[in-house]
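**Q** I'd like to ask you about the structure that follows.
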Amino acid sequence: MDRSALGASVLLGVVWAVWHLPLFFVEGSFQREFVGFATRGFWLFMIGIVALSVIFTWVYNHTSRSILGIIILHGWVNFVSNTVEVADEYYYPAWVLTAVLITVIWGAKTLRKTGDVPRPLLPTDTSRG
């Protein structure tokens, strides 16, 4: 099955959103205390996670598949959501807008201007580098 980077990101984003569901029932968690279950913020949060998955894929593909880049970005997103007071109506749609712009500018197939996805160098690969 051949998926585009956008399709794979959306699928992963849905799984990631479901992964966060239990946090809406954990006392003291950001999701329960500040977002709430089945509220407008809840739906914005879930849609925002799917959009953030597209952004993470773009970062991953533009940093030679760096997991460290994704870890730093995830930490930054968590830090901002816990420390900066931004209304949900602006914060989560900003993720969606960013994901749409990335898709329009770099394309849905690989989320890169070129058609190839970066791959790490193999020890036996001397043709690149």
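Residue names in the structure tokens use chain letters A, B, ... in the order shown, residue numbers from 1 in each chain, and ligand numbers from 1 in the order shown.
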Using only C-alpha atoms, which protein or nucleic acid residues come within 12 Å of A:Trp19? Drop anything in the same chain fewer than 6 positions from it, and give the result as a list in words.

**A**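 Result of the neighbour search: Leu12, Gly13, Met46, Ile49 and Val50 of chain A.
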
**Q** Find the residues around stretch 32-38 of chain A up to 9 Å (only C-alpha atoms counted), leave out those fewer than 6 positions away in its own chain, and share them as a PyMOL selection string.

**A** chain A and resi 21+23-26+45+88

**Q** What's around stretch 53-61 of chain A at 7 Å? Count only C-alpha atoms, leave out sequence neighbours fewer than 2 positions away in its own chain, and write the answer as JSON, numbers by chain.

**A** {"A": [6, 9, 10, 12, 13, 49, 50, 51, 63, 64, 65, 66, 67, 69, 70, 99, 111, 117, 118]}

**Q** Let me see the file: selected residues, N, CA and C atoms, as a PDB file, in the first residue's frame.

**A**
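So result.pdb came out as:
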```pdb
ATOM      1  N   LEU A   6       1.077  12.955   3.473  1.00  0.00           N
ATOM      2  CA  LEU A   6      -0.092  13.588   4.073  1.00  0.00           C
ATOM      3  C   LEU A   6      -1.063  12.533   4.597  1.00  0.00           C
ATOM      4  N   SER A   9       0.309  10.881   7.631  1.00  0.00           N
ATOM      5  CA  SER A   9       0.300  11.816   8.759  1.00  0.00           C
ATOM      6  C   SER A   9      -1.090  11.945   9.362  1.00  0.00           C
ATOM      7  N   VAL A  10      -2.103  12.012   8.516  1.00  0.00           N
ATOM      8  CA  VAL A  10      -3.476  12.122   9.004  1.00  0.00           C
ATOM      9  C   VAL A  10      -3.863  10.847   9.759  1.00  0.00           C
ATOM     10  N   LEU A  12      -1.828   8.698  11.245  1.00  0.00           N
ATOM     11  CA  LEU A  12      -1.080   8.717  12.491  1.00  0.00           C
ATOM     12  C   LEU A  12      -1.665   9.740  13.462  1.00  0.00           C
ATOM     13  N   GLY A  13      -2.095  10.884  12.947  1.00  0.00           N
ATOM     14  CA  GLY A  13      -2.693  11.918  13.787  1.00  0.00           C
ATOM     15  C   GLY A  13      -3.966  11.457  14.470  1.00  0.00           C
ATOM     16  N   ILE A  49      -4.323  18.015  16.991  1.00  0.00           N
ATOM     17  CA  ILE A  49      -3.325  16.936  17.049  1.00  0.00           C
ATOM     18  C   ILE A  49      -3.113  16.326  15.674  1.00  0.00           C
ATOM     19  N   VAL A  50      -4.198  16.145  14.923  1.00  0.00           N
ATOM     20  CA  VAL A  50      -4.066  15.600  13.566  1.00  0.00           C
ATOM     21  C   VAL A  50      -3.240  16.568  12.709  1.00  0.00           C
ATOM     22  N   ALA A  51      -3.528  17.857  12.822  1.00  0.00           N
ATOM     23  CA  ALA A  51      -2.750  18.852  12.075  1.00  0.00           C
ATOM     24  C   ALA A  51      -1.293  18.857  12.530  1.00  0.00           C
ATOM     25  N   THR A  63      14.593  17.321   8.375  1.00  0.00           N
ATOM     26  CA  THR A  63      15.747  17.274   9.280  1.00  0.00           C
ATOM     27  C   THR A  63      16.460  15.930   9.133  1.00  0.00           C
ATOM     28  N   SER A  64      16.452  15.401   7.917  1.00  0.00           N
ATOM     29  CA  SER A  64      17.067  14.104   7.625  1.00  0.00           C
ATOM     30  C   SER A  64      16.558  13.026   8.579  1.00  0.00           C
ATOM     31  N   ARG A  65      15.255  13.051   8.820  1.00  0.00           N
ATOM     32  CA  ARG A  65      14.561  12.066   9.656  1.00  0.00           C
ATOM     33  C   ARG A  65      15.060  12.088  11.097  1.00  0.00           C
ATOM     34  N   SER A  66      15.167  13.270  11.646  1.00  0.00           N
ATOM     35  CA  SER A  66      15.670  13.432  13.006  1.00  0.00           C
ATOM     36  C   SER A  66      14.558  13.237  14.036  1.00  0.00           C
ATOM     37  N   ILE A  67      14.702  12.213  14.853  1.00  0.00           N
ATOM     38  CA  ILE A  67      13.776  12.004  15.962  1.00  0.00           C
ATOM     39  C   ILE A  67      13.993  13.098  17.014  1.00  0.00           C
ATOM     40  N   GLY A  69      14.666  16.206  16.529  1.00  0.00           N
ATOM     41  CA  GLY A  69      13.883  17.379  16.117  1.00  0.00           C
ATOM     42  C   GLY A  69      12.424  17.258  16.521  1.00  0.00           C
ATOM     43  N   ILE A  70      11.864  16.066  16.388  1.00  0.00           N
ATOM     44  CA  ILE A  70      10.469  15.835  16.760  1.00  0.00           C
ATOM     45  C   ILE A  70      10.304  15.902  18.276  1.00  0.00           C
ATOM     46  N   ALA A  99      -0.442  23.374   8.908  1.00  0.00           N
ATOM     47  CA  ALA A  99      -0.454  22.093   8.186  1.00  0.00           C
ATOM     48  C   ALA A  99      -0.957  22.281   6.757  1.00  0.00           C
ATOM     49  N   LEU A 111       5.555  15.840   1.376  1.00  0.00           N
ATOM     50  CA  LEU A 111       5.665  17.055   2.180  1.00  0.00           C
ATOM     51  C   LEU A 111       7.051  17.681   2.016  1.00  0.00           C
ATOM     52  N   VAL A 117      11.875  11.058  -0.282  1.00  0.00           N
ATOM     53  CA  VAL A 117      11.915  11.234   1.159  1.00  0.00           C
ATOM     54  C   VAL A 117      13.343  10.970   1.612  1.00  0.00           C
ATOM     55  N   PRO A 118      13.901  11.813   2.467  1.00  0.00           N
ATOM     56  CA  PRO A 118      15.284  11.592   2.895  1.00  0.00           C
ATOM     57  C   PRO A 118      15.431  10.285   3.655  1.00  0.00           C
TER      58      PRO A 118
END
```

**Q** To one decimal place, how far is atom CA of A:Val15 from atom CA of A:Ile47 in Å?

**A** 11.7 Å

**Q** When you look at A:Ala87 with a cut-off of 12 Å (counting only C-alpha atoms), what residues show up, excluding the ones that are within fewer than 2 positions of it in the same chain? I need them as a PyMOL selection string.

**A** chain A and resi 34-35+40-41+44-45+81+84-85+89-94

**Q** Chain A: which residues are helix (DSSP H, G or I) by DSSP, as an MDAnalysis selection string?

**A** chainID A and resid 5:25 30:35 40:62 67:83 88:106

**Q** One decimal, Å: what's the distance from atom CA of A:Gly48 over to atom CA of A:Val86, could you say?

**A** 13.9 Å
